[in-house]
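**Q** Below are the structure tokens for one structure; questions will follow.
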Amino acid sequence: IIDPLLVWRAMAAHHSQFVWYRRLSVLFSRYTYINDIEKLSPIDAPPPFDDDDDDCDNNNCDNDGDNDEDDNIASLPPVVTIQEDTFSPQFLLTLPQMNALRKSVLPTGLHHRPWKRIYSLMRDGDSLVAFRKRMEDWNKKQGSISKSNTTTLLVVKTTKGDVIGGYADVPIVPLASNIVGSGGRSCLFKIIRNMQQEDGEKEEEDPVVDVEVYGKDCILSKKVLFSASRRIVAFGGGGGDGDDNGKSLDDGFGLCLSDGFARGTTARCVAFRNEPLVDDGAFDVLDFEVWGFVFGQF
């Protein structure tokens with residue numbers, strides 16, 4: 001049993017952080033009054049690391065110890081989505097695809113946050129005005145808590161069945177007058193298609209989903225562009241001044257949606273170090289969604 005007054009005084013000591021919703025949390029949170037303790041049984045320690053172990057190669061682990069991080073990610077529960085009304089269309093992504101994108105694309109700080117579908121082409125239509133309003137409303141709501149909460153995941157499904165997209169760590173539709181946001185942690189991705197399912201075999205209940213990611217660890221200046229006049233949303237830029245002849249090193253945007261989100265293009269882009277996300281470089285859009293990550297759900 002905990003003294004609620006002691007909890008209140010402890011929070012009040014940080015008066016600049018003790019805003020109204022934290023006061024409500026202190027008053028109504030269960031942990032203000034009582035906590036549980038669950039005793040854990042001891043487990044055997046793992047065997048010591050063998051420096052001569054030849055099973056550790058570049059494909060399995062690296063000098064930064066990424067295997068430990070992969071083990072932590074593998075233990076995550078399934079992604080939680082904010083439910084919509086029964087008349088809303090189904091999500092573009094399946095749950096296994098969401099779990100795979102969380103593991104491969106999202107920063108670890110977003111791994112435990114619920115997902116919310118901000119915009120859907122099927123649900124909201126192809127109006128650029130509607131898209132802009134929904135994105136601006138999201139930025140205002142989440143940006144009032146923290147600027148880091150305006151990061152989003154853009155997902156596109158083409159008429160040929162490819163699922164591609166990009167993660168933007170800056171607002172896709174910025175509230176300021178400038179139309180370009182520079183996102184150092186932004187990246188592009190494509191979901192590798194399962195050839196067995198394409199051949200008509202029965203889909204597994206929990207299929208393995210592979211994701212190819214581009215630009216997540218690049219340090220070049222990566223741009224996320226929204227232009228109402230050009231009617232495009234694009235990832236790309238920041239590839240430098242060009243080669244020795246002054247020619248741009250980019251073949252085009254890494255990913256670009258245009259024409260009312262009906263069509264798109266993808267090309268080799270230096271900033272993201274990506275190859276075209278689809279074979280033809282150009283595609284027709286079947287569906288398009290933007291996902292946000294909710295902060296402060298309790």
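Ligands are numbered from 1 in the order shown, chains are lettered A, B, ... in the order of the structure tokens, and residues start at 1 in each chain.
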Near Glu212 in chain A, within 7 Å and counting only C-alpha atoms, which residues show up once chain neighbours fewer than 6 positions away are dropped, as a ChimeraX atom specification?
**A** /A:189-192
**Q** Keeping only N, CA and C atoms, write the selected residues as a PDB file, in the first residue's frame.
**A**
ATOM      1  N   PHE A 189      11.184   1.322 -47.649  1.00  0.00           N
ATOM      2  CA  PHE A 189      11.118  -0.129 -47.460  1.00  0.00           C
ATOM      3  C   PHE A 189      10.233  -0.752 -48.530  1.00  0.00           C
ATOM      4  N   LYS A 190      10.423  -2.042 -48.693  1.00  0.00           N
ATOM      5  CA  LYS A 190       9.497  -2.845 -49.482  1.00  0.00           C
ATOM      6  C   LYS A 190       9.371  -4.207 -48.814  1.00  0.00           C
ATOM      7  N   ILE A 191       8.167  -4.744 -48.855  1.00  0.00           N
ATOM      8  CA  ILE A 191       7.907  -6.068 -48.297  1.00  0.00           C
ATOM      9  C   ILE A 191       8.148  -7.101 -49.396  1.00  0.00           C
ATOM     10  N   ILE A 192       9.017  -8.062 -49.086  1.00  0.00           N
ATOM     11  CA  ILE A 192       9.360  -9.092 -50.066  1.00  0.00           C
ATOM     12  C   ILE A 192       8.166 -10.026 -50.243  1.00  0.00           C
TER      13      ILE A 192
END
**Q** I'd like the neighbourhood of range 278-282 of chain A as a list of chain:residue names, where a residue qualifies if any of its atoms comes within 9 Å (using only C-alpha atoms), though same-chain residues fewer than 2 positions away should be ignored.
**A**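 Within the cut-off, the hits are A:Asp162, A:Ile164, A:Lys190, A:Arg263, A:Gly264, A:Thr265, A:Thr266, A:Ala267, A:Glu275, A:Pro276, A:Asp284.
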**Q** Determine, counting only C-alpha atoms, which protein, DNA and RNA residues have an atom within 7 Å of an atom of Gly215 in chain A; residues of the same chain fewer than 2 positions away are not included. Present the result as a list in words.
**A**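 What passes the distance filter is Cys187, Leu188, Val213, Asp217, Cys218, Ala271, Phe272 and Arg273 of chain A.
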**Q** Write out the residues from the selection above, keeping N, CA and C atoms, as a CSV table (one decimal), in the first residue's frame.
**A**
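Output file again.csv follows:
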chain,number,residue,atom,x,y,z
A,187,CYS,N,13.4,6.5,-43.8
A,187,CYS,CA,13.9,5.4,-44.6
A,187,CYS,C,12.8,4.9,-45.6
A,188,LEU,N,13.2,4.1,-46.5
A,188,LEU,CA,12.3,3.5,-47.5
A,188,LEU,C,12.3,2.0,-47.2
A,213,VAL,N,14.9,-2.8,-46.2
A,213,VAL,CA,14.9,-1.4,-45.8
A,213,VAL,C,16.1,-0.7,-46.4
A,217,ASP,N,20.3,3.7,-41.9
A,217,ASP,CA,21.5,4.1,-41.2
A,217,ASP,C,22.3,5.1,-42.0
A,218,CYS,N,21.8,5.6,-43.1
A,218,CYS,CA,22.5,6.6,-43.9
A,218,CYS,C,22.5,7.9,-43.1
A,271,ALA,N,20.4,9.5,-51.4
A,271,ALA,CA,20.2,9.7,-50.0
A,271,ALA,C,19.7,8.5,-49.2
A,272,PHE,N,18.9,7.7,-49.9
A,272,PHE,CA,18.4,6.4,-49.2
A,272,PHE,C,19.2,5.2,-49.7
A,273,ARG,N,20.1,5.4,-50.6
A,273,ARG,CA,20.8,4.2,-51.2
A,273,ARG,C,19.9,3.1,-51.6
**Q** I'd like the contact shell of Phe293 in chain A - 9 Å cut-off, only C-alpha atoms, skipping same-chain residues fewer than 5 positions apart - returned as a PyMOL selection string.
**A** chain A and resi 110+113-117+149-153
**Q** Write the residues of the selection above to a file with N, CA, C and O atoms, as a PDB file, in the first residue's frame.
**A**
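result13.pdb, written as the output of this step:
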ATOM      1  N   LEU A 110       9.403   3.561 -30.580  1.00  0.00           N
ATOM      2  CA  LEU A 110       8.021   3.437 -31.046  1.00  0.00           C
ATOM      3  C   LEU A 110       7.489   2.009 -30.960  1.00  0.00           C
ATOM      4  O   LEU A 110       6.338   1.760 -31.320  1.00  0.00           O
ATOM      5  N   ARG A 113       4.218   1.497 -28.851  1.00  0.00           N
ATOM      6  CA  ARG A 113       3.099   2.420 -29.030  1.00  0.00           C
ATOM      7  C   ARG A 113       2.032   1.827 -29.939  1.00  0.00           C
ATOM      8  O   ARG A 113       2.345   1.167 -30.929  1.00  0.00           O
ATOM      9  N   PRO A 114       0.757   2.070 -29.627  1.00  0.00           N
ATOM     10  CA  PRO A 114      -0.312   1.629 -30.531  1.00  0.00           C
ATOM     11  C   PRO A 114      -0.248   2.380 -31.863  1.00  0.00           C
ATOM     12  O   PRO A 114       0.189   3.527 -31.921  1.00  0.00           O
ATOM     13  N   TRP A 115      -0.709   1.709 -32.906  1.00  0.00           N
ATOM     14  CA  TRP A 115      -0.750   2.297 -34.240  1.00  0.00           C
ATOM     15  C   TRP A 115      -2.138   2.875 -34.492  1.00  0.00           C
ATOM     16  O   TRP A 115      -3.148   2.260 -34.150  1.00  0.00           O
ATOM     17  N   LYS A 116      -2.187   4.038 -35.151  1.00  0.00           N
ATOM     18  CA  LYS A 116      -3.464   4.642 -35.539  1.00  0.00           C
ATOM     19  C   LYS A 116      -3.412   5.005 -37.017  1.00  0.00           C
ATOM     20  O   LYS A 116      -2.463   5.654 -37.462  1.00  0.00           O
ATOM     21  N   ARG A 117      -4.436   4.599 -37.743  1.00  0.00           N
ATOM     22  CA  ARG A 117      -4.502   4.942 -39.168  1.00  0.00           C
ATOM     23  C   ARG A 117      -4.996   6.384 -39.304  1.00  0.00           C
ATOM     24  O   ARG A 117      -6.149   6.691 -39.044  1.00  0.00           O
ATOM     25  N   ASN A 149       6.456  12.930 -31.758  1.00  0.00           N
ATOM     26  CA  ASN A 149       5.236  12.159 -31.930  1.00  0.00           C
ATOM     27  C   ASN A 149       4.586  12.369 -33.284  1.00  0.00           C
ATOM     28  O   ASN A 149       3.529  11.805 -33.552  1.00  0.00           O
ATOM     29  N   THR A 150       5.171  13.200 -34.135  1.00  0.00           N
ATOM     30  CA  THR A 150       4.601  13.438 -35.463  1.00  0.00           C
ATOM     31  C   THR A 150       5.207  12.532 -36.525  1.00  0.00           C
ATOM     32  O   THR A 150       4.936  12.710 -37.706  1.00  0.00           O
ATOM     33  N   THR A 151       6.026  11.582 -36.120  1.00  0.00           N
ATOM     34  CA  THR A 151       6.585  10.633 -37.086  1.00  0.00           C
ATOM     35  C   THR A 151       5.484   9.714 -37.610  1.00  0.00           C
ATOM     36  O   THR A 151       4.544   9.380 -36.881  1.00  0.00           O
ATOM     37  N   THR A 152       5.585   9.321 -38.867  1.00  0.00           N
ATOM     38  CA  THR A 152       4.533   8.535 -39.503  1.00  0.00           C
ATOM     39  C   THR A 152       5.129   7.470 -40.419  1.00  0.00           C
ATOM     40  O   THR A 152       6.287   7.538 -40.817  1.00  0.00           O
ATOM     41  N   LEU A 153       4.281   6.503 -40.744  1.00  0.00           N
ATOM     42  CA  LEU A 153       4.641   5.424 -41.662  1.00  0.00           C
ATOM     43  C   LEU A 153       3.688   5.482 -42.848  1.00  0.00           C
ATOM     44  O   LEU A 153       2.467   5.375 -42.677  1.00  0.00           O
TER      45      LEU A 153
END
**Q** Which residues come within 10 Å of Trp138 in chain A, counting only C-alpha atoms, excluding same-chain residues fewer than 2 positions away, as a list in words?
**A**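 Once the adjacent positions are removed, what remains is Ile118, Tyr119, Arg132, Lys133, Arg134, Met135, Glu136, Lys140, Lys141, Gln142, Gly143, Ser144, Asn149, Thr150, Thr152, Pro171, Val173 and Gly292 of chain A.
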**Q** Quick one: write out the picked residues with C-alpha atoms as an mmCIF file, in the first residue's frame?
**A**
data_model
loop_
_atom_site.group_PDB
_atom_site.id
_atom_site.type_symbol
_atom_site.label_atom_id
_atom_site.label_comp_id
_atom_site.auth_asym_id
_atom_site.auth_seq_id
_atom_site.Cartn_x
_atom_site.Cartn_y
_atom_site.Cartn_z
ATOM 1 C CA ILE A 118 -4.427 8.667 -39.870
ATOM 2 C CA TYR A 119 -5.317 8.559 -43.558
ATOM 3 C CA ARG A 132 -3.638 17.596 -45.835
ATOM 4 C CA LYS A 133 -6.275 18.319 -43.192
ATOM 5 C CA ARG A 134 -5.968 14.905 -41.586
ATOM 6 C CA MET A 135 -2.188 15.149 -41.470
ATOM 7 C CA GLU A 136 -2.236 18.704 -40.079
ATOM 8 C CA LYS A 140 -1.264 19.596 -34.062
ATOM 9 C CA LYS A 141 -2.606 16.983 -31.683
ATOM 10 C CA GLN A 142 0.558 14.917 -31.304
ATOM 11 C CA GLY A 143 3.004 17.791 -31.735
ATOM 12 C CA SER A 144 1.520 19.530 -28.716
ATOM 13 C CA ASN A 149 5.236 12.159 -31.930
ATOM 14 C CA THR A 150 4.601 13.438 -35.463
ATOM 15 C CA THR A 152 4.533 8.535 -39.503
ATOM 16 C CA PRO A 171 5.885 15.650 -40.449
ATOM 17 C CA VAL A 173 2.721 17.814 -44.078
ATOM 18 C CA GLY A 292 0.851 7.327 -36.713
#
**Q** Could you tell me how far CA of Gly161 in chain A sits from CA of Arg193 in chain A, in Å to one decimal place?
**A**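 These atoms are spaced 8.4 Å apart.
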**Q** Out of A:Leu154, A:Val7, A:Ala12, A:Cys256, which residue has the shortest atom-to-atom distance to Leu27 in chain A when counting only C-alpha atoms?
**A** A:Val7
**Q** Would you please give, as a VMD selection string, all residues of range 107-156 of chain A that DSSP assigns to strand (DSSP E) based on the backbone?
**A** chain A and resid 115 to 120 152 to 156
